[in-house]
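Read the structure below first, then the notes.
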Amino acid sequence: MRLKFISRIRANVSNRQALHSKRATANVLDGSYKSVFKGRSMNFDELREYVPGDDIKDVDWKASARNRKLFIREYVAEKKHNLMLVLDTNARMLADSKGLDEKRDLAIMSAGTMAYFVEKHGDFVGATYATATSIDHFPLKTGLDNIELILESYFREVTEDNHSDLNATLDFIVKNVRRRMILLVVTDLEGALKISPQNIKRLLVAHDIILINISDAEFAYDNMYLMGGESYMPEFFAVDKKVRERAAANRLSAMQSLTYKMKQYGILFTSIDSLDEIERKLLALLDRNKHENS
């Protein structure tokens with residue numbers, strides 16, 4: 001498979017930034033975090049002194065004889081993260097972002113960059129999104145080919161006749177996915193505000209949620225999608241000062257509503273305007289996640 005999107009993601013990550021990414025993701029989304037268990041089916045971690053209640057089968061008799069104390073062999077289970085990309089395929093994503101990049105392209109590069117980070121650590125990546133008529137679900141797998149397939153398929157499904165609702169995708173996950181996951185929801189301001197409190201509450205019972213908001217173009221630019229209007233802005237409106245001011249006020253109010261909504265449910269989110277800020281914004285988001293969960 002030709003890794004077209006993966007190649008772009010690699011090119012968008014400079015050598016200096018790539019080194020920083022490895023350090024950052026190792027701290028906050030490390031694929032091999034450890035939980036300590038007892039038992040021979042796990043991987044050996046270290047020796048420690050016996051304490052009452054330990055299983056006698058875990059005593060290391062050779063080490064105990066050498067030290068004239070009872071020592072227990074302690075084991076760990078290696079666990080991997082499950083990252084599920086939840087992507088908005090609504091026709092709104094064909095409009096431009098604040099930085100004048102196509103929102104669909106920013107969604108691909110943002111989700112793909114996060115998947116690229118975690119794949120380096122052997123984590124599992126899947127995806128769920130709506131087509132114009134149904135839900136496409138990609139099971140959790142490893143490998144760059146898997147990520148490329150997800151991104152290529154998403155690209156094809158964002159069309160002008162796709163008027164899907166992100167809630168349908170989230171409802172599918174609630175009903176059909178049982179494994180604990182990190183849900184990376186990639187949408188725009190309208191899509192984020194439309195996510196129902198019911199779906200958020202149901203998902204947070206079993207999963208962690210991180211949200212990426214792909215920004216909308218400023219009112220003065222072409223290819224401006226009207227929130228709630230399901231149409232693009234007629235060009236002549238963009239030159240009207242009062243209309244621009246009202247649009248800016250509405251956008252600010254909507255962002256304040258989104259910030260309140262995410263804070264209410266303890267969901268970390270960031271807004272991305274352009275390609276050149278994707279990695280910086282993602283690493284800052286992950287760093288916040290690390291500190292809030294430490």
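A note on labels: chains of the structure tokens are A, B, ... as shown, every chain counts residues from 1, and ligands are counted from 1 in their shown order.
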In region 50-191 of chain A, DSSP alpha helix (DSSP H) residues written as an mmCIF file with N, CA and C atoms, in the first residue's frame:
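Output below, filename out25.cif:
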```cif
data_model
loop_
_atom_site.group_PDB
_atom_site.id
_atom_site.type_symbol
_atom_site.label_atom_id
_atom_site.label_comp_id
_atom_site.auth_asym_id
_atom_site.auth_seq_id
_atom_site.Cartn_x
_atom_site.Cartn_y
_atom_site.Cartn_z
ATOM 1 N N TRP A 61 13.336 -19.096 45.303
ATOM 2 C CA TRP A 61 14.073 -19.829 46.330
ATOM 3 C C TRP A 61 15.574 -19.600 46.220
ATOM 4 N N LYS A 62 16.094 -19.443 45.017
ATOM 5 C CA LYS A 62 17.524 -19.206 44.862
ATOM 6 C C LYS A 62 17.916 -17.853 45.433
ATOM 7 N N ALA A 63 17.143 -16.826 45.091
ATOM 8 C CA ALA A 63 17.439 -15.498 45.624
ATOM 9 C C ALA A 63 17.259 -15.458 47.134
ATOM 10 N N SER A 64 16.251 -16.176 47.621
ATOM 11 C CA SER A 64 16.010 -16.215 49.066
ATOM 12 C C SER A 64 17.169 -16.888 49.786
ATOM 13 N N ALA A 65 17.707 -17.980 49.199
ATOM 14 C CA ALA A 65 18.823 -18.684 49.823
ATOM 15 C C ALA A 65 20.070 -17.808 49.857
ATOM 16 N N ARG A 66 20.306 -17.063 48.769
ATOM 17 C CA ARG A 66 21.485 -16.201 48.722
ATOM 18 C C ARG A 66 21.413 -15.094 49.771
ATOM 19 N N ASN A 67 20.216 -14.559 49.983
ATOM 20 C CA ASN A 67 20.055 -13.403 50.870
ATOM 21 C C ASN A 67 19.571 -13.763 52.270
ATOM 22 N N LYS A 103 -11.030 21.817 5.946
ATOM 23 C CA LYS A 103 -11.241 21.192 7.253
ATOM 24 C C LYS A 103 -11.079 19.680 7.188
ATOM 25 N N ARG A 104 -11.503 19.066 6.097
ATOM 26 C CA ARG A 104 -11.313 17.626 5.945
ATOM 27 C C ARG A 104 -9.833 17.271 6.009
ATOM 28 N N ASP A 105 -8.995 18.064 5.344
ATOM 29 C CA ASP A 105 -7.568 17.788 5.335
ATOM 30 C C ASP A 105 -6.969 17.955 6.728
ATOM 31 N N LEU A 106 -7.402 18.991 7.452
ATOM 32 C CA LEU A 106 -6.912 19.182 8.819
ATOM 33 C C LEU A 106 -7.357 18.041 9.724
ATOM 34 N N ALA A 107 -8.574 17.546 9.511
ATOM 35 C CA ALA A 107 -9.058 16.413 10.304
ATOM 36 C C ALA A 107 -8.199 15.183 10.048
ATOM 37 N N ILE A 108 -7.888 14.929 8.781
ATOM 38 C CA ILE A 108 -7.046 13.781 8.423
ATOM 39 C C ILE A 108 -5.660 13.912 9.043
ATOM 40 N N MET A 109 -5.051 15.075 8.914
ATOM 41 C CA MET A 109 -3.700 15.260 9.412
ATOM 42 C C MET A 109 -3.649 15.268 10.939
ATOM 43 N N SER A 110 -4.683 15.803 11.586
ATOM 44 C CA SER A 110 -4.718 15.825 13.058
ATOM 45 C C SER A 110 -4.898 14.422 13.615
ATOM 46 N N ALA A 111 -5.930 13.729 13.124
ATOM 47 C CA ALA A 111 -6.178 12.363 13.594
ATOM 48 C C ALA A 111 -5.015 11.457 13.219
ATOM 49 N N GLY A 112 -4.496 11.624 12.009
ATOM 50 C CA GLY A 112 -3.398 10.790 11.552
ATOM 51 C C GLY A 112 -2.127 11.015 12.336
ATOM 52 N N THR A 113 -1.856 12.250 12.712
ATOM 53 C CA THR A 113 -0.664 12.547 13.508
ATOM 54 C C THR A 113 -0.751 11.895 14.883
ATOM 55 N N MET A 114 -1.914 11.983 15.519
ATOM 56 C CA MET A 114 -2.078 11.331 16.816
ATOM 57 C C MET A 114 -1.921 9.820 16.679
ATOM 58 N N ALA A 115 -2.523 9.247 15.654
ATOM 59 C CA ALA A 115 -2.395 7.804 15.426
ATOM 60 C C ALA A 115 -0.939 7.431 15.149
ATOM 61 N N TYR A 116 -0.239 8.269 14.411
ATOM 62 C CA TYR A 116 1.181 8.036 14.098
ATOM 63 C C TYR A 116 2.021 8.032 15.370
ATOM 64 N N PHE A 117 1.723 8.967 16.286
ATOM 65 C CA PHE A 117 2.430 9.010 17.563
ATOM 66 C C PHE A 117 2.279 7.689 18.315
ATOM 67 N N VAL A 118 1.032 7.265 18.502
ATOM 68 C CA VAL A 118 0.808 6.099 19.357
ATOM 69 C C VAL A 118 1.227 4.804 18.681
ATOM 70 N N GLU A 119 1.197 4.770 17.345
ATOM 71 C CA GLU A 119 1.600 3.555 16.634
ATOM 72 C C GLU A 119 3.076 3.253 16.881
ATOM 73 N N LEU A 144 1.091 0.915 10.290
ATOM 74 C CA LEU A 144 0.878 2.124 9.492
ATOM 75 C C LEU A 144 -0.097 1.877 8.347
ATOM 76 N N ASP A 145 -0.120 0.669 7.794
ATOM 77 C CA ASP A 145 -1.069 0.349 6.726
ATOM 78 C C ASP A 145 -2.501 0.524 7.219
ATOM 79 N N ASN A 146 -2.745 0.133 8.470
ATOM 80 C CA ASN A 146 -4.072 0.280 9.057
ATOM 81 C C ASN A 146 -4.474 1.749 9.145
ATOM 82 N N ILE A 147 -3.557 2.597 9.591
ATOM 83 C CA ILE A 147 -3.845 4.036 9.705
ATOM 84 C C ILE A 147 -4.089 4.641 8.327
ATOM 85 N N GLU A 148 -3.267 4.272 7.359
ATOM 86 C CA GLU A 148 -3.428 4.786 5.996
ATOM 87 C C GLU A 148 -4.794 4.418 5.433
ATOM 88 N N LEU A 149 -5.213 3.179 5.635
ATOM 89 C CA LEU A 149 -6.524 2.732 5.150
ATOM 90 C C LEU A 149 -7.641 3.554 5.771
ATOM 91 N N ILE A 150 -7.542 3.816 7.062
ATOM 92 C CA ILE A 150 -8.558 4.615 7.757
ATOM 93 C C ILE A 150 -8.635 6.016 7.153
ATOM 94 N N LEU A 151 -7.487 6.648 6.971
ATOM 95 C CA LEU A 151 -7.461 8.024 6.471
ATOM 96 C C LEU A 151 -7.942 8.117 5.030
ATOM 97 N N GLU A 152 -7.544 7.164 4.197
ATOM 98 C CA GLU A 152 -8.002 7.158 2.802
ATOM 99 C C GLU A 152 -9.520 6.976 2.726
ATOM 100 N N SER A 153 -10.035 6.069 3.532
ATOM 101 C CA SER A 153 -11.477 5.799 3.513
ATOM 102 C C SER A 153 -12.260 7.006 4.002
ATOM 103 N N TYR A 154 -11.760 7.653 5.045
ATOM 104 C CA TYR A 154 -12.423 8.864 5.553
ATOM 105 C C TYR A 154 -12.450 9.949 4.480
ATOM 106 N N PHE A 155 -11.340 10.156 3.793
ATOM 107 C CA PHE A 155 -11.256 11.169 2.747
ATOM 108 C C PHE A 155 -12.372 10.988 1.714
ATOM 109 N N ARG A 156 -12.625 9.735 1.338
ATOM 110 C CA ARG A 156 -13.633 9.456 0.307
ATOM 111 C C ARG A 156 -15.057 9.683 0.807
ATOM 112 N N GLU A 157 -15.271 9.569 2.107
ATOM 113 C CA GLU A 157 -16.638 9.638 2.632
ATOM 114 C C GLU A 157 -17.119 11.052 2.927
ATOM 115 N N LEU A 166 -22.857 13.395 13.973
ATOM 116 C CA LEU A 166 -21.828 12.734 14.767
ATOM 117 C C LEU A 166 -22.432 11.891 15.889
ATOM 118 N N ASN A 167 -23.614 12.266 16.363
ATOM 119 C CA ASN A 167 -24.255 11.492 17.430
ATOM 120 C C ASN A 167 -24.570 10.067 16.996
ATOM 121 N N ALA A 168 -24.841 9.860 15.715
ATOM 122 C CA ALA A 168 -25.096 8.504 15.226
ATOM 123 C C ALA A 168 -23.841 7.646 15.353
ATOM 124 N N THR A 169 -22.680 8.250 15.082
ATOM 125 C CA THR A 169 -21.416 7.536 15.224
ATOM 126 C C THR A 169 -21.150 7.191 16.683
ATOM 127 N N LEU A 170 -21.368 8.153 17.565
ATOM 128 C CA LEU A 170 -21.135 7.922 18.992
ATOM 129 C C LEU A 170 -22.109 6.896 19.548
ATOM 130 N N ASP A 171 -23.330 6.936 19.078
ATOM 131 C CA ASP A 171 -24.333 5.959 19.518
ATOM 132 C C ASP A 171 -23.922 4.548 19.098
ATOM 133 N N PHE A 172 -23.339 4.421 17.908
ATOM 134 C CA PHE A 172 -22.846 3.117 17.444
ATOM 135 C C PHE A 172 -21.776 2.590 18.390
ATOM 136 N N ILE A 173 -20.857 3.454 18.808
ATOM 137 C CA ILE A 173 -19.785 3.035 19.714
ATOM 138 C C ILE A 173 -20.358 2.583 21.052
ATOM 139 N N VAL A 174 -21.301 3.351 21.578
ATOM 140 C CA VAL A 174 -21.924 2.994 22.852
ATOM 141 C C VAL A 174 -22.528 1.590 22.788
ATOM 142 N N LYS A 175 -23.193 1.284 21.697
ATOM 143 C CA LYS A 175 -23.938 0.029 21.585
ATOM 144 C C LYS A 175 -23.089 -1.165 21.153
ATOM 145 N N ASN A 176 -21.960 -0.914 20.477
ATOM 146 C CA ASN A 176 -21.252 -2.025 19.843
ATOM 147 C C ASN A 176 -19.809 -2.239 20.292
ATOM 148 N N LEU A 189 -16.801 23.157 15.156
ATOM 149 C CA LEU A 189 -17.529 23.780 16.256
ATOM 150 C C LEU A 189 -18.992 23.348 16.291
ATOM 151 N N GLU A 190 -19.633 23.343 15.141
ATOM 152 C CA GLU A 190 -21.035 22.932 15.104
ATOM 153 C C GLU A 190 -21.188 21.472 15.517
ATOM 154 N N GLY A 191 -20.313 20.621 14.999
ATOM 155 C CA GLY A 191 -20.388 19.214 15.344
ATOM 156 C C GLY A 191 -20.183 18.968 16.824
#
```
Output as a Markdown table one row per residue of region 69-153 of chain A within 6 Å of region 46-55 of chain A: the closest atom pair and its distance in Å to one decimal place, counting only C-alpha atoms, sorted by chain and residue number ascending.
```
| residue | atom | partner | partner_atom | distance |
| --- | --- | --- | --- | --- |
| A:Leu70 | CA | A:Tyr50 | CA | 5.4 |
| A:Phe71 | CA | A:Glu49 | CA | 4.4 |
| A:Ile72 | CA | A:Arg48 | CA | 5.4 |
| A:Arg73 | CA | A:Leu47 | CA | 4.8 |
| A:Glu74 | CA | A:Glu46 | CA | 5.4 |
```
#### Entry: Which of A:Thr89, A:Leu258, A:Ala248, A:Asp287 sits closest to Glu160 (chain A) [using only C-alpha atoms]
A:Thr89
### Residue with smallest distance to Asn90 (chain A) - pool A:Arg179, A:Arg8, A:Lys261, A:His163, counting only C-alpha atoms
A:His163
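Among the candidate residues A:Gln264, A:Thr187, A:Asn82, A:Ser164, the one lying nearest to Leu211 (chain A) is A:Thr187, with distances computed using only C-alpha atoms.
CA of Leu183 (chain A) is positioned 12.3 Å from CA of Val205 (chain A).
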### Task
Please run DSSP on the backbone and report, as number ranges by chain, all residues within region 83-252 of chain A that come out as strand (DSSP E).
A: 83-87, 124-130, 135-141, 182-188, 208-214, 225-226, 231-232
How would the residues just chosen look if you wrote them out with C-alpha atoms as a JSON list (two decimals), in the first residue's frame?
```json
[["chain", "number", "residue", "atom", "x", "y", "z"],
["A", 83, "LEU", "CA", -7.09, 4.76, 20.29],
["A", 84, "MET", "CA", -10.39, 5.08, 18.42],
["A", 85, "LEU", "CA", -10.59, 7.89, 15.87],
["A", 86, "VAL", "CA", -14.13, 9.28, 15.80],
["A", 87, "LEU", "CA", -14.28, 11.44, 12.68],
["A", 124, "PHE", "CA", -3.90, -0.13, 18.65],
["A", 125, "VAL", "CA", -5.74, 2.29, 16.36],
["A", 126, "GLY", "CA", -9.29, 2.01, 15.02],
["A", 127, "ALA", "CA", -11.86, 4.39, 13.60],
["A", 128, "THR", "CA", -15.59, 4.94, 13.45],
["A", 129, "TYR", "CA", -17.43, 7.44, 11.25],
["A", 130, "ALA", "CA", -20.63, 7.83, 9.30],
["A", 135, "ILE", "CA", -21.60, 3.68, 9.88],
["A", 136, "ASP", "CA", -18.11, 2.48, 8.96],
["A", 137, "HIS", "CA", -16.18, 0.85, 11.79],
["A", 138, "PHE", "CA", -12.49, -0.12, 11.62],
["A", 139, "PRO", "CA", -11.51, -2.54, 14.42],
["A", 140, "LEU", "CA", -8.49, -1.77, 16.57],
["A", 141, "LYS", "CA", -5.26, -2.87, 14.87],
["A", 182, "ILE", "CA", -9.33, 6.65, 24.21],
["A", 183, "LEU", "CA", -11.82, 8.30, 21.86],
["A", 184, "LEU", "CA", -10.24, 11.03, 19.75],
["A", 185, "VAL", "CA", -13.22, 12.95, 18.43],
["A", 186, "VAL", "CA", -12.35, 15.18, 15.45],
["A", 187, "THR", "CA", -15.07, 17.59, 14.35],
["A", 188, "ASP", "CA", -15.78, 21.29, 13.99],
["A", 208, "ASP", "CA", -11.65, 8.60, 27.89],
["A", 209, "ILE", "CA", -12.52, 11.37, 25.44],
["A", 210, "ILE", "CA", -10.24, 13.92, 23.78],
["A", 211, "LEU", "CA", -11.75, 16.38, 21.31],
["A", 212, "ILE", "CA", -10.15, 18.25, 18.43],
["A", 213, "ASN", "CA", -12.11, 21.19, 17.07],
["A", 214, "ILE", "CA", -11.21, 22.08, 13.48],
["A", 225, "TYR", "CA", -19.83, 27.32, 5.89],
["A", 226, "LEU", "CA", -22.82, 28.70, 7.79],
["A", 231, "SER", "CA", -25.08, 26.04, 3.24],
["A", 232, "TYR", "CA", -22.10, 28.14, 2.20]]
```
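Here CA of Asp88 (chain A) is placed at a distance of 10.2 Å from CA of Asn162 (chain A).
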#### Entry: Top pick for closest residue to His207 (chain A), considering A:Ile9, A:Met255, A:Ile267, A:Ile195 and counting only C-alpha atoms
A:Ile267
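Here CA of Lys120 (chain A) and CA of Phe269 (chain A) stand 22.7 Å from one another.
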